[in-house]
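Novice: To be precise about what I am sending: the file is called work26.cif and holds mmCIF, C-alpha atoms.
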```
data_data
loop_
_atom_site.label_atom_id
_atom_site.label_comp_id
_atom_site.auth_asym_id
_atom_site.auth_seq_id
_atom_site.Cartn_x
_atom_site.Cartn_y
_atom_site.Cartn_z
CA ASP A 288 -50.27 146.47 9.64
CA ASN A 289 -46.72 147.65 8.87
CA GLY A 290 -46.17 149.21 12.27
CA ILE A 291 -47.25 146.28 14.44
CA SER A 292 -44.44 143.99 15.52
CA SER A 293 -46.61 141.48 17.38
CA VAL A 294 -49.87 141.11 19.32
CA SER A 295 -50.79 139.09 22.38
CA GLY A 296 -54.12 137.89 23.71
CA ASP A 297 -55.36 135.89 20.74
CA GLY A 298 -56.77 132.43 21.49
CA THR A 299 -59.93 130.59 22.55
CA TYR A 300 -61.90 131.89 25.52
CA LYS A 301 -65.12 130.95 27.30
CA PHE A 302 -68.06 133.31 27.28
CA GLY A 303 -67.65 135.87 30.08
CA ALA A 304 -63.91 135.35 30.48
CA ASP A 305 -61.56 138.32 30.86
CA VAL A 306 -59.45 138.82 27.75
CA THR A 307 -56.37 141.06 27.73
CA ILE A 308 -54.93 142.14 24.38
CA ASN A 309 -51.77 144.11 23.71
CA ALA A 310 -49.85 145.27 20.66
CA ILE A 311 -46.09 145.73 20.36
CA LEU A 312 -45.13 148.54 17.98
CA LYS A 313 -42.16 148.86 15.68
CA GLU A 314 -39.97 151.91 16.30
CA GLY A 315 -41.21 155.01 14.52
CA TYR A 316 -44.90 154.15 14.80
CA SER A 317 -47.69 155.16 17.18
CA PHE A 318 -50.72 153.10 18.14
CA ALA A 319 -53.91 153.93 16.21
CA GLY A 320 -56.46 151.73 17.99
CA TRP A 321 -58.12 148.32 17.67
CA THR A 322 -60.78 147.78 14.99
CA GLY A 323 -62.99 144.88 13.92
CA SER A 324 -65.63 143.10 16.00
CA LEU A 325 -64.80 145.42 18.91
CA THR A 326 -63.06 148.80 18.92
CA PHE A 327 -60.67 150.19 21.54
CA GLN A 328 -58.24 153.11 21.63
CA GLU A 329 -55.93 151.81 24.35
CA GLN A 330 -52.91 149.82 23.20
CA LYS A 331 -53.35 147.37 26.07
CA ASN A 332 -56.97 146.58 26.83
CA THR A 333 -59.03 144.08 28.87
CA PHE A 334 -62.59 143.18 27.93
CA THR A 335 -65.19 140.47 28.62
CA MET A 336 -65.46 137.72 26.02
CA PRO A 337 -68.85 137.91 24.25
CA ASP A 338 -70.98 134.91 23.21
CA LYS A 339 -69.55 134.72 19.70
CA ASP A 340 -66.27 134.57 17.79
CA ILE A 341 -64.62 137.94 17.27
CA THR A 342 -61.76 139.32 15.19
CA ILE A 343 -59.85 142.40 16.31
CA CYS A 344 -57.05 144.12 14.38
CA ALA A 345 -54.30 146.32 15.83
CA ASN A 346 -53.58 149.49 13.85
CA SER A 347 -50.61 151.84 13.80
CA SER A 348 -49.67 155.20 12.33
CA ALA A 349 -46.25 155.96 10.87
CA GLY A 350 -44.52 158.97 12.41
CA ILE A 351 -43.45 161.90 10.21
CA TYR A 352 -39.92 163.07 10.95
CA LYS A 353 -38.03 166.23 9.93
CA ILE A 354 -34.73 166.39 8.07
CA THR A 355 -32.78 169.66 8.32
CA TYR A 356 -29.55 170.70 6.62
CA GLU A 357 -26.67 173.14 7.10
CA LEU A 358 -25.16 173.70 3.65
CA ASN A 359 -22.49 176.18 4.83
CA GLY A 360 -22.66 178.22 1.65
CA GLY A 361 -23.32 175.29 -0.67
CA LEU A 362 -26.19 174.83 -3.09
CA LEU A 363 -28.29 171.81 -3.99
CA ASN A 364 -29.12 171.47 -7.67
CA LYS A 365 -31.75 168.90 -6.67
CA PRO A 366 -33.43 169.42 -3.27
CA ASN A 367 -33.18 166.83 -0.52
CA PRO A 368 -36.30 165.67 1.34
CA SER A 369 -37.33 167.78 4.35
CA ALA A 370 -39.39 164.97 5.93
CA TYR A 371 -39.78 161.20 5.83
CA SER A 372 -41.51 158.32 7.61
CA PRO A 373 -40.56 154.70 8.35
CA GLU A 374 -42.52 153.75 5.23
CA THR A 375 -40.56 156.06 2.90
CA GLU A 376 -38.57 154.09 0.37
CA THR A 377 -34.80 154.05 0.87
CA PHE A 378 -33.14 157.20 -0.54
CA THR A 379 -29.66 158.74 -0.71
CA LEU A 380 -29.03 162.43 -0.01
CA ASN A 381 -28.16 164.59 -3.00
CA VAL A 382 -24.71 166.16 -2.89
CA PRO A 383 -24.36 169.98 -2.73
CA THR A 384 -21.83 172.07 -4.63
CA LYS A 385 -19.88 175.21 -3.69
CA THR A 386 -17.72 177.17 -6.10
CA GLY A 387 -14.06 176.86 -5.18
CA TYR A 388 -14.58 174.07 -2.67
CA ILE A 389 -14.56 170.27 -2.59
CA PHE A 390 -17.46 168.54 -0.82
CA LYS A 391 -15.98 166.25 1.84
CA GLY A 392 -19.27 164.75 3.01
CA TRP A 393 -22.15 164.99 5.47
CA THR A 394 -21.85 164.82 9.24
CA GLY A 395 -24.54 165.06 11.91
CA SER A 396 -27.10 162.30 12.34
CA ASN A 397 -24.76 159.94 10.48
CA GLY A 398 -21.85 160.63 12.87
CA ASN A 399 -18.79 162.87 13.05
CA THR A 400 -16.90 161.34 10.13
CA PRO A 401 -17.87 163.02 6.82
CA GLN A 402 -19.65 160.71 4.38
CA VAL A 403 -20.28 161.73 0.76
CA ASN A 404 -23.01 159.12 0.31
CA VAL A 405 -25.59 159.10 3.12
CA THR A 406 -28.55 156.75 2.74
CA ILE A 407 -31.77 156.81 4.77
CA GLU A 408 -33.05 153.24 4.87
CA LYS A 409 -36.74 152.36 4.77
CA GLY A 410 -37.82 151.74 8.34
CA SER A 411 -35.65 154.53 9.78
CA HIS A 412 -37.19 156.93 12.26
CA GLY A 413 -36.44 160.11 14.22
CA ASP A 414 -35.62 163.69 13.22
CA LYS A 415 -32.30 164.04 11.40
CA HIS A 416 -29.84 166.87 10.84
CA PHE A 417 -26.99 166.92 8.33
CA ILE A 418 -24.08 169.35 7.94
CA ALA A 419 -22.16 169.86 4.68
CA ASN A 420 -18.36 169.83 5.10
CA TRP A 421 -16.07 171.60 2.63
CA GLN A 422 -12.39 171.75 1.81
CA ALA A 423 -10.88 174.69 -0.02
CA ALA A 424 -9.78 173.77 -3.53
CA THR A 425 -6.08 174.27 -4.22
CA ASP A 426 -6.28 174.33 -8.01
CA ILE A 427 -8.11 177.63 -8.55
CA LYS A 428 -6.67 179.13 -11.73
CA TYR A 429 -6.15 182.86 -12.07
CA THR A 430 -4.56 185.01 -14.74
CA VAL A 431 -2.10 187.84 -14.14
CA ASN A 432 -1.68 190.30 -17.02
CA HIS A 433 1.33 192.63 -16.92
CA PHE A 434 0.83 195.95 -18.74
CA THR A 435 3.32 198.73 -19.51
CA GLU A 436 2.47 202.36 -20.04
CA ASN A 437 2.74 203.68 -23.59
CA LEU A 438 4.77 206.80 -24.36
CA ASN A 439 2.84 210.10 -24.19
CA SER A 440 -0.12 208.26 -22.68
CA ASN A 441 -2.71 209.23 -20.10
CA ASN A 442 -1.76 206.94 -17.23
CA GLU A 443 -5.14 207.45 -15.57
CA ILE A 444 -7.03 205.76 -18.41
CA TYR A 445 -6.50 202.02 -18.50
CA ASP A 446 -7.10 201.04 -22.11
CA THR A 447 -5.08 199.76 -25.05
CA ALA A 448 -4.38 203.30 -26.24
CA ASN A 449 -2.46 204.03 -23.06
CA PHE A 450 -1.20 200.63 -21.92
CA SER A 451 0.19 197.59 -23.76
CA LEU A 452 0.17 193.98 -22.64
CA ASP A 453 3.71 192.88 -21.83
CA SER A 454 3.09 189.31 -20.69
CA THR A 455 0.55 186.96 -19.14
CA GLU A 456 0.95 184.41 -16.35
CA ILE A 457 -1.40 181.54 -15.48
CA LEU A 458 -1.17 180.77 -11.77
CA TYR A 459 -2.97 178.51 -9.29
CA GLY A 460 -3.92 179.04 -5.68
CA GLN A 461 -6.17 177.94 -2.84
CA THR A 462 -9.70 179.22 -2.41
CA GLY A 463 -9.85 182.07 0.10
CA THR A 464 -6.19 183.07 -0.31
CA ALA A 465 -5.56 186.82 -0.04
CA LEU A 466 -3.57 187.86 -3.10
CA ILE A 467 -1.38 190.95 -2.66
CA LEU A 468 -1.22 192.39 -6.13
CA SER A 469 2.14 194.13 -5.67
CA ASP A 470 3.63 190.70 -4.90
CA LEU A 471 2.39 189.48 -8.29
CA SER A 472 4.23 192.22 -10.18
CA LYS A 473 7.31 191.40 -12.23
CA ASP A 474 10.45 193.35 -13.02
CA ILE A 475 10.22 195.01 -16.41
CA THR A 476 13.23 197.05 -17.52
CA GLY A 477 12.46 200.77 -17.61
CA PHE A 478 9.21 200.50 -15.64
CA THR A 479 8.11 200.59 -12.00
CA TYR A 480 5.01 199.03 -10.47
CA LYS A 481 2.08 201.49 -10.42
CA CYS A 482 -1.02 199.63 -9.24
CA GLY A 483 -3.04 196.47 -9.51
CA ARG A 484 -6.55 196.15 -10.92
CA VAL A 485 -9.15 193.38 -10.70
CA ASN A 486 -12.25 193.52 -12.88
CA ASP A 487 -11.45 197.15 -13.84
CA LYS A 488 -11.16 198.27 -10.23
CA GLU A 489 -7.94 199.41 -8.57
CA VAL A 490 -7.20 197.24 -5.50
CA THR A 491 -4.24 196.25 -3.36
CA THR A 492 -5.52 192.79 -2.41
CA CYS A 493 -8.22 190.38 -3.49
CA LEU A 494 -9.52 187.05 -2.22
CA LEU A 495 -9.20 184.09 -4.54
CA TYR A 496 -12.52 182.30 -4.95
CA THR A 497 -13.02 181.59 -8.62
CA SER A 498 -11.05 182.52 -11.73
CA ASP A 499 -9.98 186.08 -10.87
CA ALA A 500 -7.84 188.01 -13.34
CA ALA A 501 -5.29 190.51 -12.01
CA ASP A 502 -3.92 193.22 -14.29
#
```
Will you turn the file into structure tokens for me?

Specialist:
Amino acid sequence: DNGISSVSGDGTYKFGADVTINAILKEGYSFAGWTGSLTFQEQKNTFTMPDKDITICANSSAGIYKITYELNGGLLNKPNPSAYSPETETFTLNVPTKTGYIFKGWTGSNGNTPQVNVTIEKGSHGDKHFIANWQAATDIKYTVNHFTENLNSNNEIYDTANFSLDSTEILYGQTGTALILSDLSKDITGFTYKCGRVNDKEVTTCLLYTSDAAD
């Protein structure tokens, strides 16, 4: 039996003698009784030796343990197990992803130091909890388009009939940075800054998460 570390009480006894048997379990297992010539439920048991040879086997049951996760906004493309037992084959946790962030590793049941690769070895036991740790990416690209108003245009309609592209800048920033659009404006002779727009909406600031484009 996989969960039995050792047994005591085996040997040769005279008829009528007291026999005490006991089973030592491996961690992560519970005792499931004695079976064979005689049956008992107690892990340690004393009985009277009968007038014949007997064979008794100790049995165990593998515990089922929970695994929980805190992804902190991340996503798993391939799910991680939610439970395991000491008899589960060795497995390594799948790594989550989060747009605009770098996965630094798991903490929790594996300790306080983030580890990208966490492996649950066969024979492990106990409930486990893992927390995903993230670092904001500093190479998030965003595009700033500078437009100038055309002559005799309707400056309330933002299209190519009323505004012309003057120049484009490719910039980089850190995820979560608050961009103040007026700070992104440039000096263009004969023009003053009017407003900033992101995804066709007039805004004064925006948070940088993915590839935002500021006009």

Novice: For Ile351 (chain A), which residue out of A:Phe334, A:Tyr371, A:Trp393, A:Tyr388 is the nearest one, using all atoms listed in the file?

Specialist: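 Among A:Phe334, A:Tyr371, A:Trp393, A:Tyr388, it is A:Tyr371 that comes nearest to Ile351 (chain A).
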
Novice: In Å to one decimal, how far is CA of Thr476 (chain A) from CA of Glu456 (chain A)?

Specialist: 17.7 Å

Novice: Once the PyMOL selection byres ((chain A and resi 432) around 12) has been evaluated on this model, what residues remain selected, and can you format them as a short mmCIF file (atom, residue, chain, number, x, y, z; two decimals) with C-alpha atoms, in the frame of the given file?

Specialist:
```cif
data_model
loop_
_atom_site.label_atom_id
_atom_site.label_comp_id
_atom_site.auth_asym_id
_atom_site.auth_seq_id
_atom_site.Cartn_x
_atom_site.Cartn_y
_atom_site.Cartn_z
CA TYR A 429 -6.15 182.86 -12.07
CA THR A 430 -4.56 185.01 -14.74
CA VAL A 431 -2.10 187.84 -14.14
CA HIS A 433 1.33 192.63 -16.92
CA PHE A 434 0.83 195.95 -18.74
CA THR A 435 3.32 198.73 -19.51
CA PHE A 450 -1.20 200.63 -21.92
CA SER A 451 0.19 197.59 -23.76
CA LEU A 452 0.17 193.98 -22.64
CA ASP A 453 3.71 192.88 -21.83
CA SER A 454 3.09 189.31 -20.69
CA THR A 455 0.55 186.96 -19.14
CA GLU A 456 0.95 184.41 -16.35
CA ILE A 457 -1.40 181.54 -15.48
CA LEU A 458 -1.17 180.77 -11.77
CA LEU A 468 -1.22 192.39 -6.13
CA LEU A 471 2.39 189.48 -8.29
CA SER A 472 4.23 192.22 -10.18
CA LYS A 473 7.31 191.40 -12.23
CA GLY A 483 -3.04 196.47 -9.51
CA ARG A 484 -6.55 196.15 -10.92
CA VAL A 485 -9.15 193.38 -10.70
CA ASN A 486 -12.25 193.52 -12.88
CA ASP A 499 -9.98 186.08 -10.87
CA ALA A 500 -7.84 188.01 -13.34
CA ALA A 501 -5.29 190.51 -12.01
CA ASP A 502 -3.92 193.22 -14.29
#
```

Novice: Given the file shown, determine the residues that the PyMOL selection byres ((chain A and resi 395-399) around 6) selects; report them as a PDB file with C-alpha atoms, in the frame of the given file.

Specialist:
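Resulting contents of result-v6.pdb:
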```
ATOM      1  CA  THR A 394     -21.850 164.820   9.240  1.00  0.00           C
ATOM      2  CA  THR A 400     -16.900 161.340  10.130  1.00  0.00           C
ATOM      3  CA  LYS A 415     -32.300 164.040  11.400  1.00  0.00           C
ATOM      4  CA  HIS A 416     -29.840 166.870  10.840  1.00  0.00           C
ATOM      5  CA  PHE A 417     -26.990 166.920   8.330  1.00  0.00           C
ATOM      6  CA  ILE A 418     -24.080 169.350   7.940  1.00  0.00           C
TER       7      ILE A 418
END
```

Novice: Could you check how far CA of Ala423 (chain A) sits from CA of Ser469 (chain A), in Å to one decimal?

Specialist: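 Rounded to one decimal, the two atoms are 24.1 Å apart.
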
Novice: List as a count of residues only the protein and nucleic acid residues near region 409-412 of chain A, meaning an atom at most 8 Å away when only C-alpha atoms are counted, but skip any in the same chain fewer than 3 places from it.

Specialist: 10

Novice: Please determine, counting only C-alpha atoms, which residue among A:Pro366, A:Gly360, A:Gly296, A:Gly303 has the shortest atom-to-atom distance to Asn332 (chain A).

Specialist: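 Closest candidate: A:Gly296.
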
Novice: I'd like the contact shell of Glu436 (chain A) - 12 Å cut-off, all atoms listed in the file, skipping same-chain residues fewer than 3 positions apart - returned as a PDB file with C-alpha atoms, keeping the file's coordinate frame.

Specialist:
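Result saved to part_28.pdb:
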```pdb
ATOM      1  CA  HIS A 433       1.330 192.630 -16.920  1.00  0.00           C
ATOM      2  CA  ASN A 439       2.840 210.100 -24.190  1.00  0.00           C
ATOM      3  CA  SER A 440      -0.120 208.260 -22.680  1.00  0.00           C
ATOM      4  CA  ASN A 441      -2.710 209.230 -20.100  1.00  0.00           C
ATOM      5  CA  ASN A 442      -1.760 206.940 -17.230  1.00  0.00           C
ATOM      6  CA  GLU A 443      -5.140 207.450 -15.570  1.00  0.00           C
ATOM      7  CA  ILE A 444      -7.030 205.760 -18.410  1.00  0.00           C
ATOM      8  CA  TYR A 445      -6.500 202.020 -18.500  1.00  0.00           C
ATOM      9  CA  ASP A 446      -7.100 201.040 -22.110  1.00  0.00           C
ATOM     10  CA  THR A 447      -5.080 199.760 -25.050  1.00  0.00           C
ATOM     11  CA  ALA A 448      -4.380 203.300 -26.240  1.00  0.00           C
ATOM     12  CA  ASN A 449      -2.460 204.030 -23.060  1.00  0.00           C
ATOM     13  CA  PHE A 450      -1.200 200.630 -21.920  1.00  0.00           C
ATOM     14  CA  SER A 451       0.190 197.590 -23.760  1.00  0.00           C
ATOM     15  CA  LEU A 452       0.170 193.980 -22.640  1.00  0.00           C
ATOM     16  CA  ASP A 453       3.710 192.880 -21.830  1.00  0.00           C
ATOM     17  CA  ILE A 475      10.220 195.010 -16.410  1.00  0.00           C
ATOM     18  CA  GLY A 477      12.460 200.770 -17.610  1.00  0.00           C
ATOM     19  CA  PHE A 478       9.210 200.500 -15.640  1.00  0.00           C
ATOM     20  CA  THR A 479       8.110 200.590 -12.000  1.00  0.00           C
ATOM     21  CA  TYR A 480       5.010 199.030 -10.470  1.00  0.00           C
ATOM     22  CA  LYS A 481       2.080 201.490 -10.420  1.00  0.00           C
ATOM     23  CA  CYS A 482      -1.020 199.630  -9.240  1.00  0.00           C
TER      24      CYS A 482
END
```

Novice: Using CA of Asp426 (chain A) and CA of Glu489 (chain A) as the two end points, give the distance in Å to one decimal.

Specialist: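 These two atoms are separated by 25.1 Å.
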
Novice: When distances are computed from all atoms listed in the file, which of A:Ser324, A:Thr492, A:Asn364, A:Thr342 shows the smallest separation from Lys385 (chain A)?

Specialist: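 The closest residue to Lys385 (chain A) is A:Asn364.
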
Novice: With all heavy atoms retained, output region 303-317 of chain A as a CSV table (one decimal), in the first residue's frame.

Specialist:
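Final file, part_21.csv:
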```csv
chain,number,residue,atom,x,y,z
A,303,GLY,N,-3.7,-18.5,21.1
A,303,GLY,CA,-4.2,-17.9,22.3
A,303,GLY,C,-3.4,-16.7,22.7
A,303,GLY,O,-3.8,-16.0,23.7
A,304,ALA,N,-2.3,-16.4,22.1
A,304,ALA,CA,-1.4,-15.3,22.5
A,304,ALA,C,-2.0,-14.0,22.1
A,304,ALA,O,-2.8,-13.9,21.1
A,304,ALA,CB,0.0,-15.5,21.9
A,305,ASP,N,-1.7,-12.9,22.9
A,305,ASP,CA,-2.2,-11.6,22.5
A,305,ASP,C,-1.2,-11.0,21.4
A,305,ASP,O,0.0,-11.1,21.6
A,305,ASP,CB,-2.1,-10.6,23.7
A,305,ASP,CG,-3.3,-10.9,24.7
A,305,ASP,OD1,-4.3,-11.5,24.3
A,305,ASP,OD2,-3.1,-10.6,25.9
A,306,VAL,N,-1.8,-10.5,20.3
A,306,VAL,CA,-1.0,-10.0,19.2
A,306,VAL,C,-1.4,-8.5,19.1
A,306,VAL,O,-2.6,-8.2,18.9
A,306,VAL,CB,-1.3,-10.8,17.9
A,306,VAL,CG1,-0.4,-10.1,16.8
A,306,VAL,CG2,-0.9,-12.2,18.1
A,307,THR,N,-0.5,-7.6,19.1
A,307,THR,CA,-0.7,-6.2,18.8
A,307,THR,C,-0.1,-5.8,17.5
A,307,THR,O,1.1,-6.0,17.3
A,307,THR,CB,-0.1,-5.3,20.0
A,307,THR,OG1,-0.8,-5.7,21.2
A,307,THR,CG2,-0.4,-3.9,19.7
A,308,ILE,N,-0.9,-5.3,16.6
A,308,ILE,CA,-0.4,-4.8,15.3
A,308,ILE,C,-0.6,-3.3,15.2
A,308,ILE,O,-1.5,-2.7,15.8
A,308,ILE,CB,-1.2,-5.5,14.2
A,308,ILE,CG1,-2.7,-5.3,14.3
A,308,ILE,CG2,-0.8,-7.0,14.1
A,308,ILE,CD1,-3.5,-5.9,13.1
A,309,ASN,N,0.2,-2.6,14.5
A,309,ASN,CA,0.2,-1.2,14.3
A,309,ASN,C,0.7,-0.8,12.9
A,309,ASN,O,1.6,-1.5,12.4
A,309,ASN,CB,0.9,-0.5,15.4
A,309,ASN,CG,0.6,1.0,15.4
A,309,ASN,OD1,-0.4,1.5,14.9
A,309,ASN,ND2,1.5,1.8,16.1
A,310,ALA,N,0.2,0.2,12.4
A,310,ALA,CA,0.7,0.7,11.1
A,310,ALA,C,1.1,2.1,11.2
A,310,ALA,O,0.5,3.0,11.8
A,310,ALA,CB,-0.5,0.6,10.0
A,311,ILE,N,2.2,2.5,10.6
A,311,ILE,CA,2.8,3.8,10.5
A,311,ILE,C,2.5,4.4,9.1
A,311,ILE,O,2.9,3.8,8.1
A,311,ILE,CB,4.3,3.9,10.8
A,311,ILE,CG1,4.6,3.2,12.1
A,311,ILE,CG2,4.8,5.3,10.8
A,311,ILE,CD1,3.9,3.8,13.3
A,312,LEU,N,1.8,5.5,9.1
A,312,LEU,CA,1.4,6.1,7.8
A,312,LEU,C,2.4,7.1,7.3
A,312,LEU,O,3.1,7.8,8.1
A,312,LEU,CB,0.0,6.8,8.0
A,312,LEU,CG,-1.2,5.9,8.3
A,312,LEU,CD1,-2.3,6.8,8.7
A,312,LEU,CD2,-1.6,5.1,7.1
A,313,LYS,N,2.4,7.2,6.0
A,313,LYS,CA,3.2,8.3,5.4
A,313,LYS,C,2.3,9.6,5.5
A,313,LYS,O,1.1,9.5,5.6
A,313,LYS,CB,3.4,8.0,3.9
A,313,LYS,CG,4.4,6.8,3.6
A,313,LYS,CD,4.5,6.6,2.1
A,313,LYS,CE,5.4,5.4,1.8
A,313,LYS,NZ,5.5,5.2,0.4
A,314,GLU,N,3.0,10.7,5.5
A,314,GLU,CA,2.3,12.0,5.6
A,314,GLU,C,1.3,12.2,4.3
A,314,GLU,O,1.7,11.8,3.2
A,314,GLU,CB,3.2,13.2,5.6
A,314,GLU,CG,4.0,13.2,6.9
A,314,GLU,CD,4.8,14.5,7.1
A,314,GLU,OE1,5.2,15.0,6.0
A,314,GLU,OE2,5.2,14.9,8.2
A,315,GLY,N,0.1,12.7,4.6
A,315,GLY,CA,-0.8,12.9,3.5
A,315,GLY,C,-1.8,11.7,3.3
A,315,GLY,O,-2.7,11.8,2.5
A,316,TYR,N,-1.7,10.7,4.2
A,316,TYR,CA,-2.6,9.6,4.1
A,316,TYR,C,-3.3,9.4,5.4
A,316,TYR,O,-2.9,9.8,6.5
A,316,TYR,CB,-1.8,8.3,3.8
A,316,TYR,CG,-1.2,8.2,2.4
A,316,TYR,CD1,0.0,8.9,2.1
A,316,TYR,CD2,-1.8,7.5,1.4
A,316,TYR,CE1,0.6,8.8,0.8
A,316,TYR,CE2,-1.3,7.5,0.1
A,316,TYR,CZ,-0.1,8.1,-0.2
A,316,TYR,OH,0.4,8.0,-1.4
A,317,SER,N,-4.5,8.7,5.3
A,317,SER,CA,-5.3,8.3,6.5
A,317,SER,C,-5.4,6.8,6.5
A,317,SER,O,-5.4,6.2,5.4
A,317,SER,CB,-6.6,9.0,6.5
A,317,SER,OG,-7.4,8.7,5.3
```
